[in-house]
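Below: the structure, in structure tokens.
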Amino acid sequence: MSTKFQINDPSLESQWRSLILFGKNSATYKFAFAKSLITLIGNQTTSISLSDLAVPFAGNIIEHLKFNDKQGSSQSSKFLNSCRAFIKNELNQDQLYRDTEKFGFVNVIDAFQNVNGGAIPNPFYEKNFAVGKKEIIITDSLLKLFDTFQFKNLDQEVEARWNLVETAWSLNISPNILEVKYDDVESLLFVQNNFMRRVNITSVRDALNGYQKGKCFYSFQDISIYKNDELNMCAIDHFLPHLHKQYHHNEGANINGVWNLVLSDKQINNNKSARIPEKRFLERLFNRNEFYIESKHPLAETIINQTGYTRAQRIAFLEKQYNLASELAIQKWQPKIELAGSF
């Protein structure tokens with residue numbers, strides 16, 4: 001699972017993303033908790049009480065409950081019921097926060113920093129439930145993460161992952177026929193439900209960035225998806241050119257599929273244009289797609305449905321599409337700037 005994601009990359013950003021992108025999704029509490037940590041760490045505090053955590057935590061859950069009532073696989077939840085009552089004006093804010101503190105953190109604090117049955121190497125907080133206290137103690141790891149270039153991208157990545165999970169639950173579509181589609185005009189990922197009604201999920205940049213570790217796919221420079229940083233916003237690129245979509249379609253491939261979409265630095269992308277990357281980048285595309293598959297649907301199921309049900313089938317699919325693109329364009333491209341990659 002996420003151990004592959006962290007090969008050659010023990011960075012704090014990679015450890016954080018492994019928690020968000022991989023592991024079980026029996027409830028969306030971990031996403032609300034992650035967004036709360038991101039909000040509160042801005043205060044540069046070293047300890048956060050459960051009463052302080054309750055305010056953003058409940059707020060995050062309520063904002064999602066308003067649009068998607070299903071936020072977990074459990075049949076009942078005292079915490080979610082309190083949030084629902086608050087939305088209906090049947091519960092006041094003070095009681096909401098008391099209920100959140102009592103019921104909302106039962107599992108999430110212990111479980112959040114674990115993935116694949118073990119804790120991450122550099123925990124972001126420690127639990128302190130000594131007599132008379134209920135708080136978490138922030139470690140240097142989270143404070144250092146706050147100072148990284150990638151920190152500004154993390155909230156949007158969490159939100160995108162949350163949107164993907166709850167959409168899969170709420171639509172109740174069989175994974176075998178579920179397909180996340182790409183709208184290149186709006187830069188959105190969307191699905192269509194059983195009644196063919198379009199449901200927008202999230203920004204494609206927000207959904208893809210974590211799986212690329214916040215790096216340009218080709219140069220491995222840091223990239224930005226931050227919504228208030230339009231000037232430095234990364235580009236969405238078709239690894240194999242969109243120009244030849246009909247030829248790929250004739251061979252059973254959707255060139256607009258998630259499997260073929262990557263994020264790149266704007267200047268790198270402008271230089272690449274509609275050219276085909278050197279074949280060595282095909283392995284990176286395969287590895288990036290495998291990260292999707294190691295996570296939970298709908299992106300995982302979409303990649304499988306688009307490229308193959310086994311590892312061998314997916315390798316053969318990419319090889320076939322790359323060879324087809326190569327026949328249509330003789331020249332290969334490589335970036336002028338290229339840092340060492342970690343996948």
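Following the order of the structure tokens, first chain is A, next is B, and so on, with residues numbered from 1 inside each chain and ligands from 1 in the order they appear.
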Need to verify the contact set: A:Trp333, 8 Å, only C-alpha atoms, exclusion of same-chain residues closer than 6 positions in sequence. Can you return it as a PDB file with all heavy atoms, in the first residue's frame?
ATOM      1  N   LYS A 272       6.537  21.354 -23.561  1.00  0.00           N
ATOM      2  CA  LYS A 272       6.152  20.014 -24.042  1.00  0.00           C
ATOM      3  C   LYS A 272       5.149  20.104 -25.176  1.00  0.00           C
ATOM      4  O   LYS A 272       5.239  19.378 -26.168  1.00  0.00           O
ATOM      5  CB  LYS A 272       5.558  19.188 -22.903  1.00  0.00           C
ATOM      6  CG  LYS A 272       5.018  17.816 -23.339  1.00  0.00           C
ATOM      7  CD  LYS A 272       4.432  17.071 -22.147  1.00  0.00           C
ATOM      8  CE  LYS A 272       3.878  15.720 -22.564  1.00  0.00           C
ATOM      9  NZ  LYS A 272       2.553  15.790 -23.186  1.00  0.00           N
ATOM     10  N   ARG A 275       3.851  17.171 -27.724  1.00  0.00           N
ATOM     11  CA  ARG A 275       4.864  16.147 -27.999  1.00  0.00           C
ATOM     12  C   ARG A 275       4.763  14.980 -27.017  1.00  0.00           C
ATOM     13  O   ARG A 275       4.173  15.104 -25.945  1.00  0.00           O
ATOM     14  CB  ARG A 275       6.259  16.780 -27.954  1.00  0.00           C
ATOM     15  CG  ARG A 275       6.516  17.709 -29.143  1.00  0.00           C
ATOM     16  CD  ARG A 275       7.920  18.273 -29.130  1.00  0.00           C
ATOM     17  NE  ARG A 275       8.087  19.306 -28.098  1.00  0.00           N
ATOM     18  CZ  ARG A 275       9.239  19.942 -27.875  1.00  0.00           C
ATOM     19  NH1 ARG A 275      10.314  19.619 -28.590  1.00  0.00           N
ATOM     20  NH2 ARG A 275       9.313  20.872 -26.946  1.00  0.00           N
ATOM     21  N   ILE A 276       5.374  13.873 -27.383  1.00  0.00           N
ATOM     22  CA  ILE A 276       5.330  12.656 -26.571  1.00  0.00           C
ATOM     23  C   ILE A 276       6.568  12.592 -25.684  1.00  0.00           C
ATOM     24  O   ILE A 276       7.692  12.746 -26.175  1.00  0.00           O
ATOM     25  CB  ILE A 276       5.269  11.405 -27.476  1.00  0.00           C
ATOM     26  CG1 ILE A 276       4.022  11.450 -28.339  1.00  0.00           C
ATOM     27  CG2 ILE A 276       5.293  10.133 -26.635  1.00  0.00           C
ATOM     28  CD1 ILE A 276       4.013  10.403 -29.418  1.00  0.00           C
ATOM     29  N   PRO A 277       6.403  12.364 -24.395  1.00  0.00           N
ATOM     30  CA  PRO A 277       7.568  12.259 -23.503  1.00  0.00           C
ATOM     31  C   PRO A 277       8.423  11.047 -23.851  1.00  0.00           C
ATOM     32  O   PRO A 277       7.932  10.064 -24.418  1.00  0.00           O
ATOM     33  CB  PRO A 277       6.941  12.095 -22.122  1.00  0.00           C
ATOM     34  CG  PRO A 277       5.525  12.544 -22.272  1.00  0.00           C
ATOM     35  CD  PRO A 277       5.135  12.226 -23.674  1.00  0.00           C
ATOM     36  N   GLU A 278       9.691  11.115 -23.501  1.00  0.00           N
ATOM     37  CA  GLU A 278      10.564   9.956 -23.675  1.00  0.00           C
ATOM     38  C   GLU A 278       9.983   8.763 -22.917  1.00  0.00           C
ATOM     39  O   GLU A 278       9.311   8.919 -21.893  1.00  0.00           O
ATOM     40  CB  GLU A 278      11.969  10.265 -23.170  1.00  0.00           C
ATOM     41  CG  GLU A 278      12.721  11.228 -24.074  1.00  0.00           C
ATOM     42  CD  GLU A 278      14.191  11.338 -23.687  1.00  0.00           C
ATOM     43  OE1 GLU A 278      14.562  10.900 -22.562  1.00  0.00           O
ATOM     44  OE2 GLU A 278      14.964  11.853 -24.504  1.00  0.00           O
TER      45      GLU A 278
END
Please identify all polymer residues within 10 Å of A:Asn107, counting only C-alpha atoms, omitting same-chain residues fewer than 5 positions from it, and present them as a ChimeraX atom specification. /A:29-30,112
Suppose we keep C-alpha atoms; can you now write the selection as a tab-separated table (two decimals), in the first residue's frame?
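Everything below was put into again00.tsv:
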chain	number	residue	atom	x	y	z
A	29	TYR	CA	-13.79	11.73	10.30
A	30	LYS	CA	-10.11	11.53	9.36
A	112	PHE	CA	-5.41	8.93	12.22
Just the residues within 7 Å of stretch 227-238 of chain A, please, counting only C-alpha atoms, with nothing from its chain fewer than 4 positions along; format it as a PyMOL selection string. chain A and resi 223+242+260-266+269
Taking 6 positions as the minimum chain separation for residues in the same chain, which residues sit within 10 Å of A:Ala119 when counting only C-alpha atoms? Answer as an MDAnalysis selection string. chainID A and resid 15 19 110:113
Emit the selected residues as a PDB file, in the first residue's frame, including C-alpha atoms.
ATOM      1  CA  GLN A  15       3.876  10.718   5.363  1.00  0.00           C
ATOM      2  CA  LEU A  19      -2.574   9.077   5.761  1.00  0.00           C
ATOM      3  CA  ASP A 110      -5.822   6.988  17.827  1.00  0.00           C
ATOM      4  CA  ALA A 111      -6.361   5.848  14.239  1.00  0.00           C
ATOM      5  CA  PHE A 112      -5.406   8.926  12.222  1.00  0.00           C
ATOM      6  CA  GLN A 113      -1.635   8.417  12.240  1.00  0.00           C
TER       7      GLN A 113
END
Enumerate as a list of chain:residue names all residues of stretch 132-167 of chain A assigned to alpha helix (DSSP H) by DSSP on the backbone, naming them with the chain letters and numbers the document uses. A:Asp140, A:Ser141, A:Leu142, A:Leu143, A:Lys144, A:Leu145, A:Phe146, A:Phe151, A:Lys152, A:Asn153, A:Leu154, A:Asp155, A:Gln156, A:Glu157, A:Val158, A:Glu159, A:Ala160, A:Arg161, A:Trp162, A:Asn163, A:Leu164, A:Val165, A:Glu166, A:Thr167
Give me a file of those residues, with N, CA and C atoms, as a CSV table (one decimal), in the first residue's frame.
chain,number,residue,atom,x,y,z
A,140,ASP,N,7.2,18.5,16.6
A,140,ASP,CA,8.0,19.3,15.7
A,140,ASP,C,7.7,18.9,14.2
A,141,SER,N,7.3,17.6,14.0
A,141,SER,CA,7.0,17.2,12.6
A,141,SER,C,5.9,18.0,12.0
A,142,LEU,N,4.9,18.3,12.7
A,142,LEU,CA,3.8,19.1,12.2
A,142,LEU,C,4.2,20.5,12.0
A,143,LEU,N,4.9,21.0,12.9
A,143,LEU,CA,5.4,22.4,12.8
A,143,LEU,C,6.3,22.6,11.6
A,144,LYS,N,7.2,21.6,11.4
A,144,LYS,CA,8.0,21.6,10.2
A,144,LYS,C,7.2,21.5,8.9
A,145,LEU,N,6.2,20.6,8.9
A,145,LEU,CA,5.3,20.5,7.8
A,145,LEU,C,4.7,21.8,7.4
A,146,PHE,N,4.3,22.6,8.5
A,146,PHE,CA,3.6,23.9,8.3
A,146,PHE,C,4.6,24.8,7.5
A,151,PHE,N,2.7,22.8,2.1
A,151,PHE,CA,1.6,22.9,3.1
A,151,PHE,C,0.4,23.6,2.6
A,152,LYS,N,0.6,24.6,1.8
A,152,LYS,CA,-0.6,25.4,1.3
A,152,LYS,C,-1.5,24.5,0.4
A,153,ASN,N,-0.9,23.4,-0.2
A,153,ASN,CA,-1.7,22.6,-1.0
A,153,ASN,C,-2.6,21.5,-0.3
A,154,LEU,N,-2.2,21.3,1.0
A,154,LEU,CA,-2.7,20.1,1.7
A,154,LEU,C,-4.2,20.2,2.0
A,155,ASP,N,-4.7,21.4,2.3
A,155,ASP,CA,-6.1,21.5,2.6
A,155,ASP,C,-7.0,21.1,1.4
A,156,GLN,N,-6.6,21.6,0.3
A,156,GLN,CA,-7.4,21.3,-0.9
A,156,GLN,C,-7.3,19.8,-1.3
A,157,GLU,N,-6.1,19.2,-1.1
A,157,GLU,CA,-6.0,17.8,-1.3
A,157,GLU,C,-6.9,16.9,-0.4
A,158,VAL,N,-7.0,17.3,0.9
A,158,VAL,CA,-7.9,16.6,1.8
A,158,VAL,C,-9.3,16.8,1.3
A,159,GLU,N,-9.7,18.0,1.0
A,159,GLU,CA,-11.1,18.2,0.6
A,159,GLU,C,-11.4,17.4,-0.7
A,160,ALA,N,-10.5,17.3,-1.6
A,160,ALA,CA,-10.7,16.5,-2.8
A,160,ALA,C,-10.9,15.1,-2.5
A,161,ARG,N,-10.0,14.5,-1.7
A,161,ARG,CA,-10.1,13.1,-1.3
A,161,ARG,C,-11.5,12.8,-0.6
A,162,TRP,N,-11.9,13.7,0.3
A,162,TRP,CA,-13.1,13.6,1.0
A,162,TRP,C,-14.3,13.6,0.0
A,163,ASN,N,-14.3,14.5,-1.0
A,163,ASN,CA,-15.3,14.6,-2.0
A,163,ASN,C,-15.4,13.3,-2.8
A,164,LEU,N,-14.3,12.7,-3.1
A,164,LEU,CA,-14.3,11.4,-3.9
A,164,LEU,C,-14.9,10.3,-3.1
A,165,VAL,N,-14.5,10.2,-1.8
A,165,VAL,CA,-15.0,9.1,-1.0
A,165,VAL,C,-16.5,9.2,-0.8
A,166,GLU,N,-17.0,10.4,-0.4
A,166,GLU,CA,-18.4,10.5,-0.1
A,166,GLU,C,-19.3,10.4,-1.4
A,167,THR,N,-18.7,10.8,-2.5
A,167,THR,CA,-19.5,10.7,-3.8
A,167,THR,C,-19.7,9.2,-4.1
Within stretch 197-258 of chain A, find each residue whose DSSP state, derived from the backbone, is strand (DSSP E), and express the selection as a ChimeraX atom specification. /A:198-203,235-238
Between stretch 5-123 of chain A and stretch 214-219 of chain A, at 10 Å or less, what are the per-residue closest atom pairs and their distances in Å? Count only C-alpha atoms, order by chain and rising residue number, and return it as a Markdown table.
| residue | atom | partner | partner_atom | distance |
| --- | --- | --- | --- | --- |
| A:Glu13 | CA | A:Gly214 | CA | 8.7 |
| A:Ser14 | CA | A:Gly214 | CA | 9.3 |
| A:Arg17 | CA | A:Gly214 | CA | 9.9 |
When distances are computed from only C-alpha atoms, which of A:Val115, A:Leu240, A:Ile201, A:Ile136 shows the smallest separation from A:Phe5? A:Val115
At a cut-off of 12 Å, can you tabulate as JSON lines every residue of stretch 183-276 of chain A near stretch 293-307 of chain A together with its closest atom pair and the distance in Å to one decimal, using only C-alpha atoms and ordering rows by chain then number?
{"residue": "A:Leu189", "atom": "CA", "partner": "A:Leu299", "partner_atom": "CA", "distance": 10.0}
{"residue": "A:Phe190", "atom": "CA", "partner": "A:Pro298", "partner_atom": "CA", "distance": 10.6}
{"residue": "A:Val191", "atom": "CA", "partner": "A:Pro298", "partner_atom": "CA", "distance": 9.5}
{"residue": "A:Ile201", "atom": "CA", "partner": "A:Pro298", "partner_atom": "CA", "distance": 10.5}
{"residue": "A:Thr202", "atom": "CA", "partner": "A:Leu299", "partner_atom": "CA", "distance": 11.9}
{"residue": "A:Val204", "atom": "CA", "partner": "A:Leu299", "partner_atom": "CA", "distance": 11.3}
{"residue": "A:Ala207", "atom": "CA", "partner": "A:Leu299", "partner_atom": "CA", "distance": 9.2}
{"residue": "A:Leu208", "atom": "CA", "partner": "A:Leu299", "partner_atom": "CA", "distance": 9.9}
{"residue": "A:Gly210", "atom": "CA", "partner": "A:Ser295", "partner_atom": "CA", "distance": 11.7}
{"residue": "A:Tyr211", "atom": "CA", "partner": "A:Ser295", "partner_atom": "CA", "distance": 9.9}
{"residue": "A:His249", "atom": "CA", "partner": "A:Gln306", "partner_atom": "CA", "distance": 11.6}
{"residue": "A:Glu251", "atom": "CA", "partner": "A:Thr307", "partner_atom": "CA", "distance": 11.9}
{"residue": "A:Gly252", "atom": "CA", "partner": "A:Gln306", "partner_atom": "CA", "distance": 9.0}
{"residue": "A:Ala253", "atom": "CA", "partner": "A:Gln306", "partner_atom": "CA", "distance": 7.2}
{"residue": "A:Asn254", "atom": "CA", "partner": "A:Gln306", "partner_atom": "CA", "distance": 7.5}
{"residue": "A:Ile255", "atom": "CA", "partner": "A:Gln306", "partner_atom": "CA", "distance": 9.9}
{"residue": "A:Asn256", "atom": "CA", "partner": "A:Gln306", "partner_atom": "CA", "distance": 10.4}
{"residue": "A:Gly257", "atom": "CA", "partner": "A:Gln306", "partner_atom": "CA", "distance": 7.1}
{"residue": "A:Val258", "atom": "CA", "partner": "A:Ile303", "partner_atom": "CA", "distance": 6.7}
{"residue": "A:Trp259", "atom": "CA", "partner": "A:Ile303", "partner_atom": "CA", "distance": 5.9}
{"residue": "A:Asn260", "atom": "CA", "partner": "A:Ile303", "partner_atom": "CA", "distance": 9.6}
{"residue": "A:Leu261", "atom": "CA", "partner": "A:Ile303", "partner_atom": "CA", "distance": 11.1}
Write out, as a CSV table (one decimal), in the first residue's frame, the residues just selected, with N, CA, C and O atoms.
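Result file follows (again-v8.csv):
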chain,number,residue,atom,x,y,z
A,189,LEU,N,-13.4,16.9,-12.2
A,189,LEU,CA,-13.7,15.5,-12.3
A,189,LEU,C,-15.2,15.3,-12.0
A,189,LEU,O,-15.7,16.0,-11.1
A,190,PHE,N,-15.9,14.5,-12.7
A,190,PHE,CA,-17.3,14.3,-12.5
A,190,PHE,C,-17.7,12.8,-12.8
A,190,PHE,O,-17.0,12.1,-13.4
A,191,VAL,N,-18.9,12.5,-12.3
A,191,VAL,CA,-19.5,11.2,-12.6
A,191,VAL,C,-20.9,11.4,-13.0
A,191,VAL,O,-21.5,12.5,-12.8
A,201,ILE,N,-17.5,16.4,-8.8
A,201,ILE,CA,-16.8,15.9,-7.6
A,201,ILE,C,-15.8,16.9,-7.0
A,201,ILE,O,-16.0,17.4,-5.9
A,202,THR,N,-14.8,17.2,-7.8
A,202,THR,CA,-13.8,18.1,-7.3
A,202,THR,C,-12.9,18.6,-8.4
A,202,THR,O,-13.0,18.1,-9.6
A,204,VAL,N,-9.8,18.8,-10.7
A,204,VAL,CA,-8.9,17.7,-11.1
A,204,VAL,C,-7.5,18.0,-10.5
A,204,VAL,O,-6.8,17.0,-10.1
A,207,ALA,N,-7.4,16.7,-6.9
A,207,ALA,CA,-7.5,15.3,-6.8
A,207,ALA,C,-6.2,14.6,-7.2
A,207,ALA,O,-5.8,13.5,-6.7
A,208,LEU,N,-5.4,15.2,-8.2
A,208,LEU,CA,-4.2,14.5,-8.7
A,208,LEU,C,-3.0,14.9,-7.9
A,208,LEU,O,-2.0,14.1,-7.9
A,210,GLY,N,-1.8,15.1,-4.8
A,210,GLY,CA,-1.2,14.3,-3.8
A,210,GLY,C,-0.6,13.0,-4.3
A,210,GLY,O,0.5,12.6,-3.8
A,211,TYR,N,-1.2,12.4,-5.3
A,211,TYR,CA,-0.6,11.2,-5.9
A,211,TYR,C,0.7,11.5,-6.7
A,211,TYR,O,1.5,10.6,-6.9
A,249,HIS,N,-8.9,6.1,-29.3
A,249,HIS,CA,-10.3,5.7,-29.1
A,249,HIS,C,-10.6,4.4,-30.0
A,249,HIS,O,-11.2,3.5,-29.5
A,251,GLU,N,-8.6,2.2,-30.6
A,251,GLU,CA,-7.9,1.1,-30.0
A,251,GLU,C,-8.4,0.8,-28.6
A,251,GLU,O,-7.8,0.2,-27.7
A,252,GLY,N,-9.6,1.4,-28.3
A,252,GLY,CA,-10.2,1.1,-27.0
A,252,GLY,C,-9.7,1.9,-25.8
A,252,GLY,O,-9.9,1.5,-24.6
A,253,ALA,N,-9.1,3.1,-26.0
A,253,ALA,CA,-8.6,3.9,-24.9
A,253,ALA,C,-9.2,5.3,-25.0
A,253,ALA,O,-9.3,5.9,-26.0
A,254,ASN,N,-9.5,5.8,-23.8
A,254,ASN,CA,-10.0,7.1,-23.6
A,254,ASN,C,-8.8,8.0,-23.2
A,254,ASN,O,-8.4,8.0,-22.1
A,255,ILE,N,-8.4,8.9,-24.1
A,255,ILE,CA,-7.2,9.7,-23.9
A,255,ILE,C,-7.5,10.7,-22.8
A,255,ILE,O,-6.6,11.3,-22.2
A,256,ASN,N,-8.8,11.0,-22.6
A,256,ASN,CA,-9.2,11.9,-21.5
A,256,ASN,C,-9.3,11.2,-20.2
A,256,ASN,O,-9.8,11.8,-19.2
A,257,GLY,N,-9.0,9.9,-20.1
A,257,GLY,CA,-9.1,9.2,-18.9
A,257,GLY,C,-8.1,9.7,-17.8
A,257,GLY,O,-7.1,10.2,-18.1
A,258,VAL,N,-8.5,9.4,-16.6
A,258,VAL,CA,-7.6,9.9,-15.5
A,258,VAL,C,-6.2,9.2,-15.6
A,258,VAL,O,-5.2,9.9,-15.2
A,259,TRP,N,-6.1,8.1,-16.2
A,259,TRP,CA,-4.9,7.4,-16.3
A,259,TRP,C,-3.9,8.2,-17.1
A,259,TRP,O,-2.6,8.0,-16.9
A,260,ASN,N,-4.3,9.1,-18.0
A,260,ASN,CA,-3.5,9.9,-18.9
A,260,ASN,C,-3.3,11.3,-18.5
A,260,ASN,O,-2.6,12.1,-19.2
A,261,LEU,N,-3.9,11.7,-17.4
A,261,LEU,CA,-3.8,13.1,-16.9
A,261,LEU,C,-2.7,13.3,-15.9
A,261,LEU,O,-2.7,12.5,-14.9
Find the residues near A:Lys127: any atom within 10 Å, counting only C-alpha atoms, skip ones fewer than 6 places away on the same chain, and give them as JSON, numbers by chain. {"A": [47, 48, 109, 110, 134, 135, 136, 137, 138]}
Grab the atom CA of A:Leu243 to atom CA of A:Asn209 distance for me, in Å with one decimal place. 23.9 Å
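Between A:Ala274 and the candidates A:Ile330, A:Gly59, A:Ala312, A:Lys320, the tightest atom-to-atom separation, counting only C-alpha atoms, involves A:Ile330.
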Can you pull out the residues contacting A:Ser342? Cut-off 10 Å, using only C-alpha atoms, and skip same-chain residues under 4 positions away; I want them as a ChimeraX atom specification. /A:5-10,212-213,215,220,284
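Note that atom CA of A:Arg205 and atom CA of A:Lys279 are 24.1 Å apart.
Our summary of the geometry notes that atom CA of A:Glu186 is positioned 16.3 Å from atom CA of A:Tyr226.
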